[in-house]
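Pasting protein32.cif here (mmCIF, C-alpha atoms):
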data_model
loop_
_atom_site.label_atom_id
_atom_site.label_comp_id
_atom_site.auth_asym_id
_atom_site.auth_seq_id
_atom_site.Cartn_x
_atom_site.Cartn_y
_atom_site.Cartn_z
CA MET O 997 -2.91 -39.07 -11.14
CA ILE O 998 -3.11 -37.72 -7.57
CA LYS O 999 -1.04 -40.70 -6.37
CA SER O 1000 1.67 -39.92 -8.95
CA ILE O 1001 1.80 -36.24 -7.86
CA LEU O 1002 2.04 -37.28 -4.20
CA ALA O 1003 4.84 -39.75 -5.03
CA VAL O 1004 6.85 -37.02 -6.83
CA VAL O 1005 6.33 -34.62 -3.91
CA ALA O 1006 7.39 -37.34 -1.40
CA ILE O 1007 10.57 -38.05 -3.40
CA PHE O 1008 11.39 -34.31 -3.45
CA ILE O 1009 10.82 -33.94 0.31
CA LEU O 1010 12.73 -37.10 1.23
CA GLY O 1011 15.55 -36.06 -1.12
CA ASN O 1012 15.84 -32.74 0.64
CA PHE O 1013 15.70 -34.31 4.10
CA SER O 1014 18.44 -36.80 3.22
CA ASN O 1015 20.64 -34.06 1.72
CA SER O 1016 20.36 -32.03 4.89
CA LEU O 1017 21.16 -34.99 7.08
CA PHE O 1018 24.09 -36.57 5.25
CA ALA O 1019 25.71 -33.98 2.99
CA GLN O 1020 28.52 -31.67 4.14
CA GLN O 1021 27.12 -28.17 4.31
CA LYS O 1022 28.96 -24.91 4.35
CA PHE O 1023 27.25 -22.54 6.71
CA GLU O 1024 27.71 -20.55 9.88
CA LYS O 1025 25.31 -21.34 12.62
CA GLU O 1026 24.45 -19.30 15.69
CA SER O 1027 22.47 -20.77 18.57
CA ARG O 1028 21.61 -19.96 22.18
CA LEU O 1029 23.87 -21.57 24.74
CA ALA O 1030 22.77 -22.54 28.24
CA GLN O 1031 24.86 -21.00 31.00
CA SER O 1032 25.76 -24.52 32.17
CA ASP O 1033 27.44 -25.18 28.79
CA VAL O 1034 29.61 -22.06 28.86
CA PRO O 1035 33.35 -22.75 29.51
CA MET O 1036 34.36 -21.87 33.08
CA ASN O 1037 36.94 -19.25 31.95
CA ALA O 1038 34.33 -17.28 30.02
CA LEU O 1039 31.74 -17.58 32.79
CA ASN O 1040 34.21 -16.40 35.44
CA PHE O 1041 35.26 -13.45 33.29
CA ILE O 1042 31.68 -12.23 32.86
CA ASP O 1043 30.77 -12.99 36.51
CA SER O 1044 33.64 -10.83 37.74
CA LEU O 1045 32.14 -7.81 35.96
CA ASN O 1046 29.19 -7.87 38.43
CA LEU O 1047 26.65 -7.04 35.74
CA LYS O 1048 23.16 -5.95 36.74
CA ASN O 1049 21.53 -6.96 33.45
CA LYS O 1050 20.92 -10.44 32.08
CA VAL O 1051 23.66 -12.03 29.99
CA LYS O 1052 22.68 -14.04 26.90
CA TRP O 1053 25.14 -16.65 25.68
CA TYR O 1054 25.50 -17.76 22.06
CA LEU O 1055 27.52 -20.40 20.24
CA GLU O 1056 28.76 -19.51 16.77
CA GLU O 1057 29.83 -22.44 14.62
CA GLY O 1058 31.71 -21.87 11.38
CA LEU O 1059 33.44 -24.39 9.16
CA GLU O 1060 36.83 -23.96 10.80
CA ARG O 1061 36.15 -22.62 14.26
CA LYS O 1062 33.68 -22.26 17.07
CA SER O 1063 33.31 -19.21 19.26
CA ILE O 1064 31.21 -18.20 22.23
CA GLU O 1065 29.59 -14.81 22.62
CA ALA O 1066 28.15 -13.10 25.68
CA LYS O 1067 25.68 -10.30 24.97
CA PHE O 1068 24.47 -7.85 27.59
CA LYS O 1069 23.57 -4.22 28.18
CA ARG O 1070 25.73 -2.02 30.37
CA ASN O 1071 25.26 1.71 30.89
CA ARG O 1072 22.45 1.50 28.29
CA LYS O 1073 24.91 0.28 25.66
CA LYS O 1074 24.86 -3.10 23.97
CA HIS O 1075 28.03 -5.09 24.69
CA SER O 1076 29.24 -8.23 23.00
CA VAL O 1077 32.21 -10.20 24.39
CA GLU O 1078 33.65 -12.94 22.20
CA PHE O 1079 35.57 -15.97 23.50
CA ASP O 1080 37.18 -18.92 21.75
CA ALA O 1081 35.83 -22.45 22.29
CA LEU O 1082 37.96 -22.86 25.44
CA GLY O 1083 36.62 -19.66 26.97
CA ASN O 1084 39.64 -17.42 26.29
CA ILE O 1085 38.57 -13.86 25.58
CA GLU O 1086 39.14 -12.59 22.04
CA ASP O 1087 37.47 -9.21 21.72
CA VAL O 1088 34.90 -6.80 23.13
CA GLU O 1089 32.44 -4.86 20.97
CA ILE O 1090 30.37 -1.94 22.26
CA GLU O 1091 27.63 -0.23 20.29
CA MET O 1092 28.03 3.53 19.99
CA LYS O 1093 26.56 6.55 18.24
CA TRP O 1094 28.00 8.47 15.29
CA ASP O 1095 28.10 11.67 17.39
CA GLU O 1096 30.42 9.99 19.88
CA LEU O 1097 33.19 9.61 17.27
CA THR O 1098 35.88 12.32 16.98
CA THR O 1099 35.62 14.77 14.06
CA PRO O 1100 38.79 13.54 12.25
CA LEU O 1101 37.53 9.94 12.54
CA LYS O 1102 34.08 10.89 11.21
CA ASN O 1103 35.67 12.79 8.31
CA SER O 1104 37.92 9.89 7.38
CA ILE O 1105 35.07 7.34 7.49
CA SER O 1106 32.70 9.65 5.59
CA THR O 1107 35.29 10.24 2.83
CA ARG O 1108 35.57 6.49 2.27
CA LEU O 1109 31.81 5.92 2.28
CA GLN O 1110 31.20 8.82 -0.10
CA LYS O 1111 33.76 7.29 -2.46
CA ASP O 1112 32.07 3.86 -2.40
CA CYS O 1113 28.41 4.89 -2.37
CA ILE O 1114 26.26 7.39 -4.27
CA LYS O 1115 24.22 7.67 -1.09
CA HIS O 1116 24.77 5.99 2.28
CA ARG O 1117 23.20 5.64 5.69
CA ILE O 1118 24.96 4.32 8.78
CA ASN O 1119 22.80 1.75 10.57
CA LYS O 1120 25.08 0.65 13.40
CA ILE O 1121 28.51 1.44 14.86
CA GLN O 1122 30.51 -0.78 17.18
CA ILE O 1123 33.88 -0.03 18.70
CA GLN O 1124 35.95 -3.20 18.80
CA TYR O 1125 38.71 -3.81 21.36
CA THR O 1126 41.15 -6.68 20.81
CA GLY O 1127 43.93 -7.73 23.16
CA ASN O 1128 44.81 -9.74 26.22
CA GLN O 1129 42.48 -10.66 29.04
CA ILE O 1130 43.59 -8.12 31.66
CA PRO O 1131 43.46 -4.97 29.47
CA LEU O 1132 40.07 -6.10 28.11
CA PHE O 1133 38.79 -6.71 31.66
CA LEU O 1134 40.02 -3.28 32.77
CA LYS O 1135 38.33 -1.68 29.74
CA LEU O 1136 35.02 -3.31 30.58
CA LEU O 1137 35.31 -2.46 34.27
CA SER O 1138 36.43 1.16 34.01
CA GLY O 1139 35.17 2.09 30.55
CA LYS O 1140 38.59 3.50 29.67
CA PRO O 1141 40.78 1.59 27.19
CA THR O 1142 44.45 0.94 27.97
CA GLU O 1143 47.22 1.35 25.40
CA ASP O 1144 47.60 -2.41 25.14
CA LEU O 1145 44.36 -2.75 23.20
CA THR O 1146 43.87 -2.59 19.45
CA VAL O 1147 40.88 -0.44 18.60
CA LYS O 1148 38.83 -0.78 15.42
CA TYR O 1149 35.39 0.43 14.30
CA GLU O 1150 32.85 -1.89 12.76
CA ILE O 1151 30.20 0.01 10.82
CA ILE O 1152 27.05 -1.36 9.17
CA VAL O 1153 26.18 0.83 6.19
CA LYS O 1154 23.29 0.90 3.74
CA CYS O 1155 25.03 1.80 0.52
CA ARG O 1156 23.41 2.79 -2.76
CA SER O 1157 25.58 2.21 -5.80
CA GLU O 1158 24.70 2.69 -9.47
CA LYS O 1159 23.58 -0.92 -9.72
CA SER O 1160 21.67 -1.54 -6.47
CA THR O 1161 21.29 -0.83 -2.77
CA GLU O 1162 23.05 -3.25 -0.42
CA LEU O 1163 24.12 -3.51 3.21
CA PHE O 1164 27.86 -3.62 4.00
CA GLU O 1165 30.01 -4.19 7.05
CA TYR O 1166 33.01 -1.85 7.06
CA LEU O 1167 36.03 -2.10 9.34
CA PHE O 1168 38.17 0.97 10.08
CA THR O 1169 41.26 1.43 12.28
CA ASP O 1170 41.22 3.81 15.27
CA LYS O 1171 42.58 6.49 12.91
CA GLY O 1172 39.74 5.91 10.45
CA HIS O 1173 41.82 4.05 7.88
CA PHE O 1174 39.87 1.55 5.81
CA VAL O 1175 40.57 -2.12 6.61
CA LEU O 1176 37.90 -4.08 4.77
CA ALA O 1177 34.29 -4.08 3.58
CA SER O 1178 32.08 -7.10 3.11
CA GLN O 1179 28.53 -7.30 1.82
CA ILE O 1180 25.91 -8.65 4.21
CA ILE O 1181 23.86 -11.34 2.49
CA PHE O 1182 20.32 -11.60 3.84
CA LYS O 1183 18.56 -14.86 4.42
CA PRO O 1184 15.69 -15.46 1.98
CA SER O 1185 12.31 -14.13 3.04
CA TYR O 1186 10.07 -15.79 0.42
CA HIS O 1187 8.23 -17.71 3.12
CA LEU O 1188 7.23 -14.41 4.73
CA GLU O 1189 6.33 -12.60 1.51
CA TYR O 1190 4.18 -15.17 -0.32
CA MET K 336 3.60 -1.57 20.65
CA ASN K 337 6.17 -4.35 20.67
CA ILE K 338 5.61 -7.61 18.83
CA ASN K 339 4.64 -9.61 21.93
CA LYS K 340 1.92 -7.11 22.84
CA PHE K 341 0.77 -7.15 19.22
CA HIS K 342 0.45 -10.95 19.27
CA ILE K 343 -1.41 -10.88 22.60
CA ALA K 344 -3.82 -8.22 21.29
CA THR K 345 -4.42 -10.26 18.13
CA PHE K 346 -5.01 -13.39 20.19
CA ILE K 347 -7.59 -11.54 22.33
CA VAL K 348 -9.40 -10.43 19.16
CA PHE K 349 -9.33 -14.07 18.00
CA ILE K 350 -10.83 -15.29 21.30
CA GLN K 351 -13.51 -12.57 21.11
CA PHE K 352 -14.52 -13.82 17.67
CA LEU K 353 -14.77 -17.36 18.96
CA ASN K 354 -16.80 -16.23 21.98
CA SER K 355 -19.15 -14.24 19.79
CA ALA K 356 -19.85 -17.30 17.68
CA SER K 357 -23.60 -17.76 17.95
CA ALA K 358 -25.81 -20.60 16.74
CA GLN K 359 -26.07 -18.68 13.44
CA SER K 360 -22.32 -18.84 12.91
CA THR K 361 -21.03 -21.56 10.65
CA TYR K 362 -17.60 -23.10 10.53
CA GLN K 363 -15.48 -25.11 8.16
CA PHE K 364 -12.46 -27.24 8.91
CA GLY K 365 -10.06 -28.62 6.35
CA LEU K 366 -6.63 -28.91 4.80
CA LEU K 367 -4.68 -26.28 2.87
CA PRO K 368 -1.40 -27.77 1.60
CA SER K 369 0.83 -25.68 -0.66
CA ILE K 370 4.08 -25.92 -2.58
CA ASN K 371 5.88 -22.64 -3.13
CA LEU K 372 8.76 -22.52 -5.65
CA ASN K 373 11.03 -19.51 -5.94
CA TYR K 374 13.55 -18.72 -8.64
CA LYS K 375 16.19 -16.01 -8.39
CA LEU K 376 16.80 -14.15 -11.65
CA GLU K 377 19.38 -11.55 -12.65
CA ASN K 378 19.22 -7.83 -11.81
CA ASP K 379 17.17 -8.30 -8.61
CA TRP K 380 14.27 -10.02 -10.38
CA SER K 381 12.67 -13.18 -8.99
CA LEU K 382 9.82 -15.53 -9.78
CA ASN K 383 7.42 -17.22 -7.40
CA SER K 384 5.10 -20.02 -8.38
CA LYS K 385 2.66 -21.62 -6.02
CA ILE K 386 0.18 -24.45 -6.06
CA GLU K 387 -2.32 -24.63 -3.22
CA SER K 388 -5.24 -26.98 -2.76
CA ARG K 389 -8.21 -26.64 -0.39
CA GLN K 390 -9.91 -29.73 0.99
CA LEU K 391 -12.87 -29.70 3.36
CA LEU K 392 -13.10 -32.27 6.17
CA GLN K 393 -15.92 -30.92 8.34
CA THR K 394 -18.62 -28.25 8.30
CA GLY K 395 -21.17 -27.27 10.90
CA LYS K 396 -22.78 -24.70 13.15
CA PHE K 397 -21.41 -23.69 16.53
CA ASN K 398 -23.59 -25.39 19.17
CA GLY K 399 -25.40 -27.18 16.36
CA SER K 400 -25.15 -29.84 13.70
CA THR K 401 -21.85 -31.15 12.37
CA GLU K 402 -21.16 -32.87 9.10
CA SER K 403 -17.90 -34.77 8.55
CA GLU K 404 -17.21 -35.62 4.95
CA TYR K 405 -14.14 -35.26 2.72
CA ASN K 406 -14.70 -32.73 -0.04
CA TYR K 407 -12.14 -31.46 -2.50
CA ILE K 408 -12.89 -27.76 -2.99
CA LEU K 409 -10.37 -26.03 -5.22
CA THR K 410 -6.82 -25.66 -6.49
CA ASP K 411 -4.98 -22.36 -7.01
CA ILE K 412 -1.99 -22.08 -9.31
CA SER K 413 -0.11 -18.79 -9.40
CA MET K 414 2.95 -17.20 -10.96
CA ILE K 415 4.29 -13.92 -9.60
CA THR K 416 7.28 -11.94 -10.79
CA ALA K 417 9.01 -9.57 -8.39
CA LYS K 418 11.68 -6.88 -8.50
CA LYS K 419 13.72 -5.69 -5.55
CA VAL K 420 13.27 -1.91 -5.39
CA GLY K 421 15.18 -1.12 -2.21
CA LEU K 422 17.36 -2.79 0.38
CA ASN K 423 14.31 -4.27 2.08
CA SER K 424 11.46 -3.86 -0.37
CA ARG K 425 10.07 -5.61 -3.41
CA VAL K 426 7.25 -4.92 -5.87
CA ALA K 427 5.52 -7.86 -7.50
CA GLY K 428 2.76 -8.67 -9.92
CA GLY K 429 1.27 -11.89 -11.15
CA TYR K 430 -1.60 -14.08 -12.17
CA LEU K 431 -3.51 -16.82 -10.37
CA ILE K 432 -5.88 -19.34 -11.88
CA ARG K 433 -8.43 -21.02 -9.61
CA LEU K 434 -10.04 -24.33 -10.55
CA ARG K 435 -13.25 -24.86 -8.58
CA GLU K 436 -16.02 -27.28 -9.54
CA GLU K 437 -15.03 -27.14 -13.20
CA LYS K 438 -15.23 -23.35 -13.11
CA LEU K 439 -12.23 -21.11 -13.82
CA PHE K 440 -11.42 -17.93 -11.93
CA HIS K 441 -8.71 -15.52 -13.13
CA ARG K 442 -7.01 -13.32 -10.57
CA PHE K 443 -4.49 -10.54 -11.18
CA ILE K 444 -2.25 -9.68 -8.22
CA GLN K 445 -0.12 -6.63 -7.39
CA GLN K 446 1.88 -6.42 -4.18
CA TYR K 447 4.55 -4.42 -2.33
CA THR K 448 6.51 -5.96 0.52
CA VAL K 449 8.82 -4.44 3.11
CA VAL K 450 11.10 -6.58 5.29
CA GLN K 451 12.03 -5.32 8.75
CA ARG K 452 15.02 -7.03 10.34
CA LEU K 453 14.95 -6.61 14.10
CA SER K 454 17.49 -8.04 16.54
CA ALA K 455 15.64 -11.30 17.24
CA LEU K 456 12.89 -11.48 14.62
CA ARG K 457 11.92 -10.55 11.09
CA LEU K 458 8.71 -8.75 10.15
CA VAL K 459 7.31 -8.52 6.65
CA HIS K 460 4.56 -6.05 5.75
CA ARG K 461 2.67 -6.95 2.59
CA PHE K 462 0.31 -4.53 0.87
CA SER K 463 -1.56 -6.08 -2.02
CA THR K 464 -4.49 -5.68 -4.34
CA ASP K 465 -6.14 -8.27 -6.57
CA GLN K 466 -8.93 -8.48 -9.12
CA THR K 467 -10.80 -11.72 -9.78
CA PHE K 468 -12.84 -12.42 -12.91
CA SER K 469 -14.98 -15.37 -13.94
CA LYS K 470 -17.88 -16.15 -16.24
CA GLU K 471 -20.15 -17.14 -13.38
CA GLU K 472 -19.59 -14.34 -10.87
CA LYS K 473 -19.30 -10.57 -10.79
CA PRO K 474 -15.71 -9.25 -10.60
CA GLU K 475 -14.25 -9.10 -7.11
CA PHE K 476 -11.74 -6.46 -6.02
CA ARG K 477 -9.68 -6.83 -2.86
CA LEU K 478 -7.34 -4.63 -0.85
CA ARG K 479 -5.17 -6.56 1.59
CA TYR K 480 -2.58 -5.95 4.31
CA ARG K 481 -0.62 -8.75 5.93
CA ILE K 482 2.00 -8.68 8.65
CA ALA K 483 4.13 -11.81 8.95
CA SER K 484 6.62 -12.40 11.71
CA GLU K 485 9.36 -15.01 11.97
CA ILE K 486 10.70 -15.77 15.43
CA PRO K 487 13.70 -18.10 15.71
CA LEU K 488 13.32 -20.78 18.36
CA ASN K 489 17.09 -21.01 18.82
CA GLY K 490 19.34 -17.97 18.81
CA GLU K 491 18.77 -14.66 17.08
CA SER K 492 18.33 -15.91 13.51
CA VAL K 493 16.91 -19.01 11.83
CA ASP K 494 19.86 -21.16 10.76
CA PRO K 495 19.76 -24.42 8.79
CA GLN K 496 18.21 -27.33 10.66
CA GLU K 497 16.48 -25.05 13.17
CA PHE K 498 12.83 -24.52 14.03
CA TYR K 499 11.03 -21.19 13.93
CA PHE K 500 7.62 -19.80 14.78
CA LYS K 501 5.75 -17.86 12.13
CA PHE K 502 2.66 -15.77 12.64
CA ASN K 503 0.63 -14.24 9.82
CA ASN K 504 -2.13 -11.73 10.41
CA GLU K 505 -4.03 -10.44 7.39
CA TYR K 506 -6.91 -8.04 6.79
CA LEU K 507 -8.77 -8.40 3.48
CA ASN K 508 -11.27 -5.83 2.25
CA SER K 509 -13.34 -7.11 -0.65
CA TRP K 510 -15.85 -5.51 -2.95
CA GLN K 511 -18.11 -7.55 -5.23
CA ASP K 512 -21.00 -5.93 -7.02
CA SER K 513 -22.40 -3.68 -4.28
CA ASP K 514 -21.27 -5.88 -1.37
CA TYR K 515 -18.40 -5.12 0.94
CA ASP K 516 -16.82 -7.64 3.31
CA LEU K 517 -13.88 -7.75 5.67
CA GLU K 518 -12.02 -10.97 6.33
CA ILE K 519 -9.45 -11.43 9.06
CA ARG K 520 -6.89 -14.22 8.97
CA LEU K 521 -4.64 -15.45 11.74
CA VAL K 522 -2.13 -18.17 10.94
CA PRO K 523 0.32 -19.44 13.56
CA LEU K 524 2.83 -21.89 12.06
CA LEU K 525 5.74 -23.98 13.22
CA GLY K 526 8.49 -24.04 10.61
CA TYR K 527 11.63 -26.05 10.08
CA ASN K 528 14.51 -24.63 8.06
CA LEU K 529 16.11 -27.61 6.32
CA LYS K 530 18.44 -25.28 4.45
CA ASN K 531 18.16 -21.54 3.86
CA ASN K 532 16.39 -22.25 0.57
CA ASP K 533 14.19 -25.10 1.79
CA LYS K 534 11.56 -24.75 4.51
CA ILE K 535 8.57 -26.73 5.72
CA GLU K 536 5.76 -25.26 7.86
CA VAL K 537 2.73 -26.70 9.62
CA GLY K 538 0.00 -24.72 11.37
CA MET K 539 -3.68 -24.05 11.85
CA GLY K 540 -5.02 -20.98 10.10
CA TYR K 541 -8.17 -19.20 11.24
CA ARG K 542 -10.33 -17.04 8.96
CA VAL K 543 -13.39 -15.05 9.90
CA ASN K 544 -15.62 -13.13 7.51
CA SER K 545 -19.20 -11.91 7.01
CA PHE K 546 -19.27 -10.73 10.64
CA LEU K 547 -20.25 -7.22 9.51
CA ASP K 548 -23.72 -8.50 8.46
CA ASN K 549 -24.08 -10.95 11.39
CA THR K 550 -23.74 -14.16 9.39
CA THR K 551 -20.26 -14.83 10.69
CA ARG K 552 -18.35 -17.60 8.98
CA HIS K 553 -15.36 -19.16 10.66
CA SER K 554 -12.94 -21.43 8.90
CA PHE K 555 -10.00 -23.39 10.20
CA TRP K 556 -7.46 -24.62 7.69
CA THR K 557 -4.54 -26.87 8.50
CA SER K 558 -1.68 -25.40 6.51
CA ILE K 559 1.22 -27.53 5.32
CA ASN K 560 3.59 -25.31 3.35
CA TRP K 561 6.75 -26.24 1.52
CA PHE K 562 8.97 -23.35 0.35
CA LEU K 563 11.80 -24.12 -2.01
CA GLU K 564 14.25 -21.81 -3.76
CA ILE K 565 15.72 -23.17 -6.97
#
Please, can you express the file's structure as structure tokens?
Amino acid sequence: MIKSILAVVAIFILGNFSNSLFAQQKFEKESRLAQSDVPMNALNFIDSLNLKNKVKWYLEEGLERKSIEAKFKRNRKKHSVEFDALGNIEDVEIEMKWDELTTPLKNSISTRLQKDCIKHRINKIQIQYTGNQIPLFLKLLSGKPTEDLTVKYEIIVKCRSEKSTELFEYLFTDKGHFVLASQIIFKPSYHLEY
Amino acid sequence: MNINKFHIATFIVFIQFLNSASAQSTYQFGLLPSINLNYKLENDWSLNSKIESRQLLQTGKFNGSTESEYNYILTDISMITAKKVGLNSRVAGGYLIRLREEKLFHRFIQQYTVVQRLSALRLVHRFSTDQTFSKEEKPEFRLRYRIASEIPLNGESVDPQEFYFKFNNEYLNSWQDSDYDLEIRLVPLLGYNLKNNDKIEVGMGYRVNSFLDNTTRHSFWTSINWFLEI
């Protein structure tokens, strides 16, 4: 009897191992990247900022593309600089506080969130700059954005609807116009709960 | 207190317990394999069923005699139903049946869990109570708190085909008849995330109890856990 149970368990485990090894899987994967594996363009860009704090590098692998992300703190604010797989800069994201937004922007964002949620709480705000390398470099160096950059706001919101409470990522333009909202799906936590 | 300091403090407590082990203290060493199946239902409901077996390989006294012999001890089978009540919280209730030396123990479980998602780790606080009944023993009532942390070993989150470190620390207050006891459990585990719904963990759990009345019992259980979401 015990042998039969063990055999069934072994078949289950081996089945799952083989699926994970040979089947095509659809997932996004993020992993730490050693500085020696970072493309020279990206490394030079970050080096030229003369940062005092440590820079952590990450590789993000999706189904269709790979990107590289440098994360660091500057002036007590969390920065994230995204590059493509060749090390060409794509965007800069800087964490900020709700109070730092202008009143018209706050009103516009709040109106949208009040429309979508019965009750909401903003968990995180990031200003996102997209553009060419030189304007992005100047933004990071001086702190002041140039006109050549596209500015958007990425906001993580806990939103309570009639059905349930979920976490969403909203994207707004620099004028506070709604661009898109996507629900954040959490990874299962059964192994931590039971 | 950040999580590293918390782990260091817990480790120091663990070492103190080991150091305080006198000739009177007994220990057990064995295996604790488990299979944990989870089912997602509609409207934020979920089911968890678990089978866990305890097998003894060695018993003895610190600085004293040792006895190595394989002994099957017990099997626990449980079914718990849970409902998500907030973005990060869940209430659950269930039933466990314990088969031990042809005796049956019935346990009713109630629990509340809160998940904390930090930038590079996840913490889960579990508050639970249970009541155990059997023909042979007086009812036992327990009040438990467990903190579980998951630390990715690559990047800021545990992705498929990545390893992680898990650390459970639990405090169990139990009342049986007129006796009170406190048990402390520390379980460091190395996990591998085959897929997001399929995980395997291996570790060595440490439990200490009866230290309040100076008959300290230490037990070391090798955990092999398999978590599967269907």
Self-check item: Which residue of K:Glu497, K:Asp379, K:Glu485, K:Glu518 approaches Val450 in chain K most closely, using all atoms listed in the file
Solution: K:Glu485
Quiz prompt | Proximal residues of chain O relative to chain K (all atoms listed in the file; 7 Å) as an MDAnalysis selection string | solution = chainID O and resid 1016 1025:1028 1054 1161:1162 1183:1184 1187:1189
Exercise. For a cut-off of 7 Å around (30.2, -0.8, 15.3), file coordinates, pick out all residues using all atoms listed in the file and list them as a ChimeraX atom specification.
Key: /O:1091-1092,1120-1123,1149-1152
Self-check item: Exercise: range 1070-1080 of chain O partners within 10 Å, only C-alpha atoms, chain neighbours under 2 positions left out, as a PyMOL selection string
Solution: chain O and resi 1035+1037-1038+1041-1042+1047-1056+1061-1068+1082-1093+1122-1126+1132+1136+1139
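Rounded to one decimal, CA of Asp1043 in chain O and CA of Pro1131 in chain O lie 16.6 Å from each other.
Of the residues under consideration (O:Leu1109, O:Tyr1190, O:Leu1176, O:Phe1164), O:Tyr1190 shows the shortest atom-to-atom contact distance to Ser413 in chain K when counting only C-alpha atoms.
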Practice problem: Within 8 Å of Leu525 in chain K, counting all atoms listed in the file, which residues show up once you throw out same-chain ones fewer than 4 positions away? Write them as a VMD selection string, please. | Solution: chain K and resid 498 to 501 536 to 538
Exercise. Just the residues within 9 Å of Ser381 in chain K, please, counting all atoms listed in the file, with nothing from its chain fewer than 4 positions along; format it as a PyMOL selection string.
Key: chain K and resi 373-377+415-419
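One finds CA of Thr464 in chain K at 18.0 Å from CA of Ser513 in chain K.
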Practice problem: Calculate how many Å separate CA of Tyr506 in chain K from CA of Leu521 in chain K, rounding to one decimal. | Solution: 9.2 Å
Quiz item: Quick one: residues within 10 Å of Ser545 in chain K, only C-alpha atoms counted, chain neighbours fewer than 2 positions away excluded, as number ranges by chain?
Solution: K: 360, 515-519, 543, 547-553
Output C-alpha atoms of each residue in that selection to a file, as a JSON list (two decimals), in the frame of the given file.
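Full text of selection13.json as output:
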[["chain", "number", "residue", "atom", "x", "y", "z"],
["K", 360, "SER", "CA", -22.32, -18.84, 12.91],
["K", 515, "TYR", "CA", -18.40, -5.12, 0.94],
["K", 516, "ASP", "CA", -16.82, -7.64, 3.31],
["K", 517, "LEU", "CA", -13.88, -7.75, 5.67],
["K", 518, "GLU", "CA", -12.02, -10.97, 6.33],
["K", 519, "ILE", "CA", -9.45, -11.43, 9.06],
["K", 543, "VAL", "CA", -13.39, -15.05, 9.90],
["K", 547, "LEU", "CA", -20.25, -7.22, 9.51],
["K", 548, "ASP", "CA", -23.72, -8.50, 8.46],
["K", 549, "ASN", "CA", -24.08, -10.95, 11.39],
["K", 550, "THR", "CA", -23.74, -14.16, 9.39],
["K", 551, "THR", "CA", -20.26, -14.83, 10.69],
["K", 552, "ARG", "CA", -18.35, -17.60, 8.98],
["K", 553, "HIS", "CA", -15.36, -19.16, 10.66]]
Practice problem: Give the answer as one residue: which of K:Glu387, K:Glu437, K:Glu404, K:Asp514 has the shortest atom-to-atom distance to Glu471 in chain K, using all atoms listed in the file? | Solution: K:Glu437
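Minimum atom-to-atom distance to Lys1115 in chain O, evaluated using all atoms listed in the file, belongs to O:Val1153 out of O:Leu1101, O:Leu1134, O:Val1153, O:Val1147.
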Self-check item: Shell of 12 Å around Asp465 in chain K, only C-alpha atoms, local chain residues under 6 positions omitted, as a ChimeraX atom specification
Solution: /K:427-431,441-446,474-480,507-510
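Once the PyMOL selection byres ((chain O and resi 1157) around 8) is applied to this file, the selection holds Asp1112, Cys1113, Ile1114, Lys1115, Cys1155, Arg1156, Glu1158, Lys1159, Ser1160 and Thr1161 of chain O.
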